[in-house]
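Trainee: Here's a structure for you.
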Amino acid sequence: MTAKVSKKGINWFDFLYKYGTLITIVILIVFFGVATDNFLTSNNITSILRSISITTIIAIGLTLSLAVGGFDLSVGSTASLANAVVISMFVWHSQNMLVSILVVLVLCALVGIINGFLVTSFKIQDMLMTLATMFVIQGVAQTYTRGATISQNMIMPSGDYAPGSIPALFGQLGKAPWIIIIMFVAVILVHLLLTHTKYGRYMYMIGGNSEAAKLSGIPVRKYRFIAYVLAALFAGIGGMILAARVMTAEVNAGAPYLMDAVAAAFIGFSVLGSGKPNAFGTFVGAVLIGILSNGLIMMSVPYFAMDIVKGAVLALALGITYYKRKH
Amino acid sequence: MKANGQVKLEMKEISIAFPGVQALSGVNFQMQSGTSHALIGANGAGKSTLMKVLAGAYDHYTGTIELDGEPLQIRKPKDAKDSGIQIVYQEVDMLLVPNLSVAENILLERLVHDSKDKTWVKWRKIHRDAAAIMQQIGFTLPTGKLVQELTLAEKQLVLIARAISKECKFLILDEPTAPLSDSETSRLFALIERLKKEGVGIIFISHRLPELFQICDDITILRDGKLVISAPINTMDQHQVTQHMLGTQLGGQFPQRTPSIGELAFEAEQIADDDKVHGVSLKVHKGEIVGIAGLVGAGKTELCRILFGAAPKKRGSVRMHGKALQYRTPHEAVAGGLAMIPEERRREGIFVDEIVGVNLTVANLTPHTSMKLWLNKTKERIAANSMIVKLGIKTPSEKTMVANLSGGNQQKIAIGKWLLADAELYIFDEPTKGVDVGAKRDIYNLIAELAAQGKSVIFASSETNEMIGITDRMYVMYDGKVAKELVTDQTNEEEIMFYSTGGQA
């Protein structure tokens, strides 16, 4: 039926639904490019990509949990934990880079296993279950750092300076181009996984109708489990990149990234009319938020007013996605 | 509740249509208060629709409803209630507020409608009134208990209490005994006797014939939306009732097949979940279509789900070709060579927001990949298109959203995904439910073809004509047990219906 309607003329709603987000980005680029002097410089573009990379990496993990019909609210806390642990491995325990990163990845995998176990074992909504683990992980991270910032040359409880230092190579991960490369690798890997492998197909089927997926012989529990482990791992990578970028571990440093990641992933639903969580869309969502923040700052909109715009964009994207779903 | 003289309820020439179906055509129904009246018919005969008309659930019917010769205007539920007609629907959970107390649920309508200018709730009065009503029906429930903590039987009592808390001349009970145990049923019957003595007319819808003979005075039988007969129940026996329910059916839509039944393939022994299924054993041979007959609620769907690993089994064992099969999930059952087409198509069988092609390959994706990992869209498209042709799925292309197809075509897709998966035992649970005649014939042909290829088929359905038309042998279920095993060539619909409704030879 819809096919007949669209033959009669361009269906404007469908067109906007498909390309609205991308058109918005283009309009914003043109607008900021005209309105400000140095928005379109290569330095600023790099700066935008750098600013969205941590959000994107965390949001990519979140996207995987959304793909199986879940919702991992604990990714921000997991990033905080990874941030704190990786810095402490360097500063407190004088470990080398390989050991430090491995320890963090194992730890994050453990977080994912706990999340996966909880959401697949109890009939509690994923969002509520991971809200609980969000607090627990946040608390664990704070307890571990004793509620303080970890940095090089910090004074330990014994009165000495902290023995270790952060390797310069690790610091490079937080700078362009590496931080941007890591982001693109994460986006491309998850895009390939979700849209071009059978595992991704299974994950979408579970997200679309988990009962039908189960009765089609898909091991639903296993894939939901894996999605949460991957979400935690990406959150951990995001947290480590954050550590590499700021070279300290502030209290709850990962928490602010949660909401941006959620916004990016949900804006991503509407990109190219996919109507479901997808890696490319999540990236576009993060770009949209990044351009808005960057451009508005250049136009001297105060940073504290930024959330108004961010929220409005999210409301618009969600409105379009869910309006479409109903019709 | 009033216990004055007898009142006569009459429904005259009731007709109602829904898109695509004439649900009732010119049905007459009458009864006296203080009597109990059985209303029965096969699935889709229109008994629930008739009672919903009486209860004011529809406003687009034609015909009249009279009380002692006075016409009643019943177009909405409140009209019926104000006339003293109360109904207790089958789906108790939809009518109760689980996180409120028993007392609040009994007096729900009073709390909602009659408290317009009262600000404060008088809790003591509410609990006192509710307890009084419970006492009236001869049961005790703590009025402060939350409804979500009640058993199904107790929830039903709350609804009956709610019904008689207002003026009640006629009480409609829609399948009230389906969820009840034997002792709960006998307590319900005692309550019905008491209400009758108090002058309430009871309309009793049930599939269980023996209990109708136990407590009803009169019986009305519907078939295909028409009245068949209305008479005192003691003028009939159970065989006559089943004959009236079935009538003569049209044949011709089932495929002609010459079954070639091979060795024993699938065996299940003493399957039980201790809830809806109580120790079912069955055998299926290669090339054989084995029916699971029985009415709605007999445990057919639950049995199918257990056999497929979709619902937990408490007891029992399963063997395929003599070897024990161990599985706890459908995933493992599929690996063991099983496939199931579930009853609730939209919720369980298909992915409405995905395209036809994706739906068809979901149960067996690996052959449509490269290196067992990367999706191969070309292979998928070829497989999907060949299945579309083979099953005669009416779709513009394999890229069409399944949500846009008709029920029959959706069902073909739910079946088609398992044909691509190539199983050994196919379990069909009500595969023709909500499917048009043409698609039905296609589905029957498909099942016959599976059997001809030497596959084993379990075919669960509450339609007795399907049992006769397509199966080789059948197990008739009643109350979660196999009431009778029948060979199709040596039986008829009356016999199936007889055992389905609790008849004992």
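Identifiers in the structure tokens: chain A, B, ... in order shown; residue index from 1 per chain; ligand index from 1 in order shown.
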Once DSSP has gone over the backbone, tell me which residues of stretch 92-297 of chain A are in strand (DSSP E or B), as a tab-separated table (two decimals) with N, CA, C and O atoms, in the first residue's frame.
Mentor:
chain	number	residue	atom	x	y	z
A	150	ILE	N	43.22	10.65	40.60
A	150	ILE	CA	44.53	10.03	40.49
A	150	ILE	C	45.31	10.76	39.40
A	150	ILE	O	44.79	10.95	38.30
A	155	ILE	N	50.23	12.76	45.86
A	155	ILE	CA	50.77	12.37	47.16
A	155	ILE	C	49.97	11.20	47.69
A	155	ILE	O	48.74	11.26	47.80
A	161	TYR	N	55.41	10.66	47.11
A	161	TYR	CA	54.80	10.86	45.81
A	161	TYR	C	54.48	9.51	45.18
A	161	TYR	O	55.15	8.51	45.45
A	197	THR	N	27.43	-9.75	9.19
A	197	THR	CA	27.68	-11.12	9.66
A	197	THR	C	26.39	-11.74	10.16
A	197	THR	O	25.43	-11.03	10.48
A	249	ALA	N	42.73	10.58	36.39
A	249	ALA	CA	41.45	9.91	36.60
A	249	ALA	C	40.65	10.74	37.58
A	249	ALA	O	40.84	10.65	38.79
Trainee: For B:Ala55, find every residue with an atom within 9 Å (counting only C-alpha atoms), except residues of its own chain fewer than 4 positions away, and show them as JSON, numbers by chain.
Mentor: {"B": [50, 51, 74, 75, 76, 77, 78, 79, 80, 81, 85, 86, 87, 172]}
Trainee: Considering only C-alpha atoms, extract the chain A residues located within 6 Å of chain B and return them as a list in words.
Mentor: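 Written out as asked, the residues are His196, Thr197, Lys198, Glu211, Ala212, Leu215, Ser216, Gly217, Ile218 and Pro219 of chain A.
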Trainee: Which neighbours of stretch 4-18 of chain B fall inside 9 Å, counting only C-alpha atoms, when residues of the same chain fewer than 6 positions from it are skipped, and could you give them as a PyMOL selection string?
Mentor: chain B and resi 24-34+49-50+53-54+58+60-69+169-170+198-199+201+225
Trainee: Write down as a ChimeraX atom specification the residues belonging to stretch 23-164 of chain A that are assigned alpha helix (DSSP H) by DSSP computed on the backbone.
Mentor: /A:23-35,42-67,75-91,97-121,126-144
Trainee: Determine, counting only C-alpha atoms, which protein, DNA and RNA residues have an atom within 6 Å of an atom of stretch 202-209 of chain A; residues of the same chain fewer than 6 positions away are not included. Present the result as number ranges by chain.
Mentor: A: 67-69
Trainee: Quick one: write out the picked residues with N, CA and C atoms as an mmCIF file, in the first residue's frame?
Mentor:
data_model
loop_
_atom_site.group_PDB
_atom_site.id
_atom_site.type_symbol
_atom_site.label_atom_id
_atom_site.label_comp_id
_atom_site.auth_asym_id
_atom_site.auth_seq_id
_atom_site.Cartn_x
_atom_site.Cartn_y
_atom_site.Cartn_z
ATOM 1 N N ALA A 67 20.891 -3.226 20.164
ATOM 2 C CA ALA A 67 20.579 -4.084 19.021
ATOM 3 C C ALA A 67 19.879 -5.364 19.465
ATOM 4 N N VAL A 68 20.224 -5.892 20.628
ATOM 5 C CA VAL A 68 19.547 -7.103 21.105
ATOM 6 C C VAL A 68 18.313 -6.760 21.936
ATOM 7 N N GLY A 69 17.865 -5.522 21.831
ATOM 8 C CA GLY A 69 16.666 -5.128 22.557
ATOM 9 C C GLY A 69 16.942 -4.800 24.014
#
Trainee: At a cut-off of 12 Å, using only C-alpha atoms, what residues contact A:Ala109? Leave out same-chain residues fewer than 6 positions from it and give the result as a list in words.
Mentor: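 Once the adjacent positions are removed, what remains is Val75, Thr78, Ala82, Leu102, Val103, Asn115, Gly116, Phe117, Phe225, Ile226, Ala227, Tyr228, Val229, Leu230, Ala231, Ala232, Leu233, Phe234, Ala235, Gly236 and Ile237 of chain A.
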Trainee: Using only N, CA, C and O atoms, please write the residues we just selected to a file, as a CSV table (one decimal), in the first residue's frame.
Mentor:
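In the end it all went to again-v4.csv:
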chain,number,residue,atom,x,y,z
A,75,VAL,N,27.3,1.9,31.0
A,75,VAL,CA,28.5,2.1,30.2
A,75,VAL,C,29.3,3.3,30.7
A,75,VAL,O,30.6,3.3,30.7
A,78,THR,N,31.2,2.2,33.7
A,78,THR,CA,32.3,1.3,33.3
A,78,THR,C,33.5,2.1,32.8
A,78,THR,O,34.6,1.7,33.0
A,82,ALA,N,37.3,2.1,34.1
A,82,ALA,CA,38.4,1.8,33.3
A,82,ALA,C,39.4,3.0,33.4
A,82,ALA,O,40.6,2.8,33.5
A,102,LEU,N,45.5,-4.7,29.5
A,102,LEU,CA,44.9,-6.0,29.6
A,102,LEU,C,44.1,-6.2,30.9
A,102,LEU,O,43.0,-6.7,30.9
A,103,VAL,N,44.7,-5.6,32.0
A,103,VAL,CA,44.0,-5.7,33.3
A,103,VAL,C,42.6,-5.0,33.1
A,103,VAL,O,41.6,-5.5,33.6
A,115,ASN,N,26.7,-8.0,34.1
A,115,ASN,CA,25.5,-7.4,33.5
A,115,ASN,C,24.8,-8.4,32.7
A,115,ASN,O,23.5,-8.5,32.8
A,116,GLY,N,25.5,-9.2,31.8
A,116,GLY,CA,24.9,-10.2,31.0
A,116,GLY,C,24.1,-11.2,31.8
A,116,GLY,O,23.0,-11.6,31.5
A,117,PHE,N,24.8,-11.6,32.9
A,117,PHE,CA,24.2,-12.7,33.7
A,117,PHE,C,22.9,-12.1,34.3
A,117,PHE,O,21.8,-12.8,34.3
A,225,PHE,N,23.9,-12.0,26.1
A,225,PHE,CA,25.1,-12.1,27.0
A,225,PHE,C,26.3,-11.4,26.3
A,225,PHE,O,27.0,-10.5,26.9
A,226,ILE,N,26.6,-11.9,25.1
A,226,ILE,CA,27.7,-11.4,24.4
A,226,ILE,C,27.6,-9.9,24.1
A,226,ILE,O,28.6,-9.1,24.3
A,227,ALA,N,26.4,-9.4,23.8
A,227,ALA,CA,26.2,-8.0,23.6
A,227,ALA,C,26.6,-7.2,24.8
A,227,ALA,O,27.2,-6.1,24.6
A,228,TYR,N,26.2,-7.6,25.9
A,228,TYR,CA,26.6,-6.9,27.2
A,228,TYR,C,28.1,-6.9,27.4
A,228,TYR,O,28.7,-5.9,27.9
A,229,VAL,N,28.7,-8.1,27.1
A,229,VAL,CA,30.2,-8.1,27.3
A,229,VAL,C,30.9,-7.1,26.4
A,229,VAL,O,31.7,-6.4,26.8
A,230,LEU,N,30.4,-7.1,25.1
A,230,LEU,CA,31.0,-6.2,24.1
A,230,LEU,C,30.7,-4.8,24.5
A,230,LEU,O,31.6,-3.9,24.4
A,231,ALA,N,29.5,-4.5,25.0
A,231,ALA,CA,29.2,-3.1,25.4
A,231,ALA,C,30.2,-2.7,26.5
A,231,ALA,O,30.7,-1.5,26.5
A,232,ALA,N,30.4,-3.5,27.5
A,232,ALA,CA,31.3,-3.2,28.6
A,232,ALA,C,32.8,-3.0,28.1
A,232,ALA,O,33.5,-2.1,28.5
A,233,LEU,N,33.2,-3.8,27.1
A,233,LEU,CA,34.5,-3.7,26.6
A,233,LEU,C,34.7,-2.4,25.9
A,233,LEU,O,35.7,-1.7,26.0
A,234,PHE,N,33.7,-2.0,25.0
A,234,PHE,CA,33.8,-0.7,24.3
A,234,PHE,C,33.8,0.4,25.4
A,234,PHE,O,34.5,1.4,25.2
A,235,ALA,N,33.0,0.3,26.4
A,235,ALA,CA,33.0,1.3,27.4
A,235,ALA,C,34.4,1.4,28.1
A,235,ALA,O,34.9,2.5,28.3
A,236,GLY,N,35.0,0.3,28.3
A,236,GLY,CA,36.3,0.2,28.9
A,236,GLY,C,37.3,0.9,28.0
A,236,GLY,O,38.2,1.7,28.4
A,237,ILE,N,37.3,0.6,26.7
A,237,ILE,CA,38.2,1.3,25.7
A,237,ILE,C,37.9,2.8,25.7
A,237,ILE,O,38.9,3.6,25.8
Trainee: Would you list the contacts of stretch 50-56 of chain A as number ranges by chain, taking every protein, DNA or RNA residue within 10 Å and counting only C-alpha atoms, but skipping same-chain residues closer than 2 positions in sequence?
Mentor: A: 44-48, 58-63, 76, 79, 174-184, 186-187, 234-235, 237-242, 245, 254, 256-265, 279, 282-291, 293-294
Trainee: From the set A:Leu28, A:Phe280, A:Ala317, A:Gln125, which residue has the shortest atom-to-atom contact distance to A:Leu194, counting only C-alpha atoms?
Mentor: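 Ranking A:Leu28, A:Phe280, A:Ala317, A:Gln125 by distance to A:Leu194, first place goes to A:Phe280.
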Trainee: If you measure from atom CA of B:Glu149 to atom CA of B:Ala311, what distance in Å do you get, rounded to one decimal?
Mentor: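 Going from atom CA of B:Glu149 over to atom CA of B:Ala311, I get 23.3 Å.
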Trainee: In Å, rounded to a single decimal, give me how far atom CA of A:Met299 is from atom CA of A:Ala35.
Mentor: 7.7 Å
Trainee: Rank A:Pro163, A:Pro157, A:Gly200, A:Gly112 by their smallest atom-to-atom distance to A:Asn278, using only C-alpha atoms, and report the top residue only.
Mentor: A:Gly200
Trainee: Please provide the set of residues having any atom within 8 Å of stretch 128-130 of chain B, restricted to only C-alpha atoms, with same-chain residues fewer than 3 positions apart removed, written as an MDAnalysis selection string.
Mentor: chainID B and resid 102:103 106:107 124:125 133:134 143
Trainee: Write a file of the just-selected residues containing C-alpha atoms, as a PDB file, in the first residue's frame.
Mentor:
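again10.pdb written:
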ATOM      1  CA  VAL B 102      -9.406  -7.530  47.118  1.00  0.00           C
ATOM      2  CA  ALA B 103     -11.836  -5.027  48.648  1.00  0.00           C
ATOM      3  CA  ILE B 106     -14.635  -5.876  44.348  1.00  0.00           C
ATOM      4  CA  LEU B 107     -15.904  -2.344  44.787  1.00  0.00           C
ATOM      5  CA  ARG B 124     -13.246   0.726  57.008  1.00  0.00           C
ATOM      6  CA  LYS B 125     -16.549   0.906  55.177  1.00  0.00           C
ATOM      7  CA  ILE B 133     -20.295  -9.414  49.643  1.00  0.00           C
ATOM      8  CA  MET B 134     -17.783 -12.234  49.961  1.00  0.00           C
ATOM      9  CA  THR B 143     -10.146  -8.210  51.852  1.00  0.00           C
TER      10      THR B 143
END
Trainee: Which of these residues is nearest to B:Val457, using only C-alpha atoms: B:Glu184, B:Glu288, B:Glu495, B:Glu70?
Mentor: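 Of B:Glu184, B:Glu288, B:Glu495, B:Glu70, the one nearest B:Val457, counting only C-alpha atoms, is B:Glu288.
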Trainee: Please indicate the distance in Å from atom CA of A:Phe90 to atom CA of A:Leu169, rounded to one decimal place.
Mentor: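 Taking atom CA of A:Phe90 as the start and atom CA of A:Leu169 as the end point, the length is 12.2 Å.
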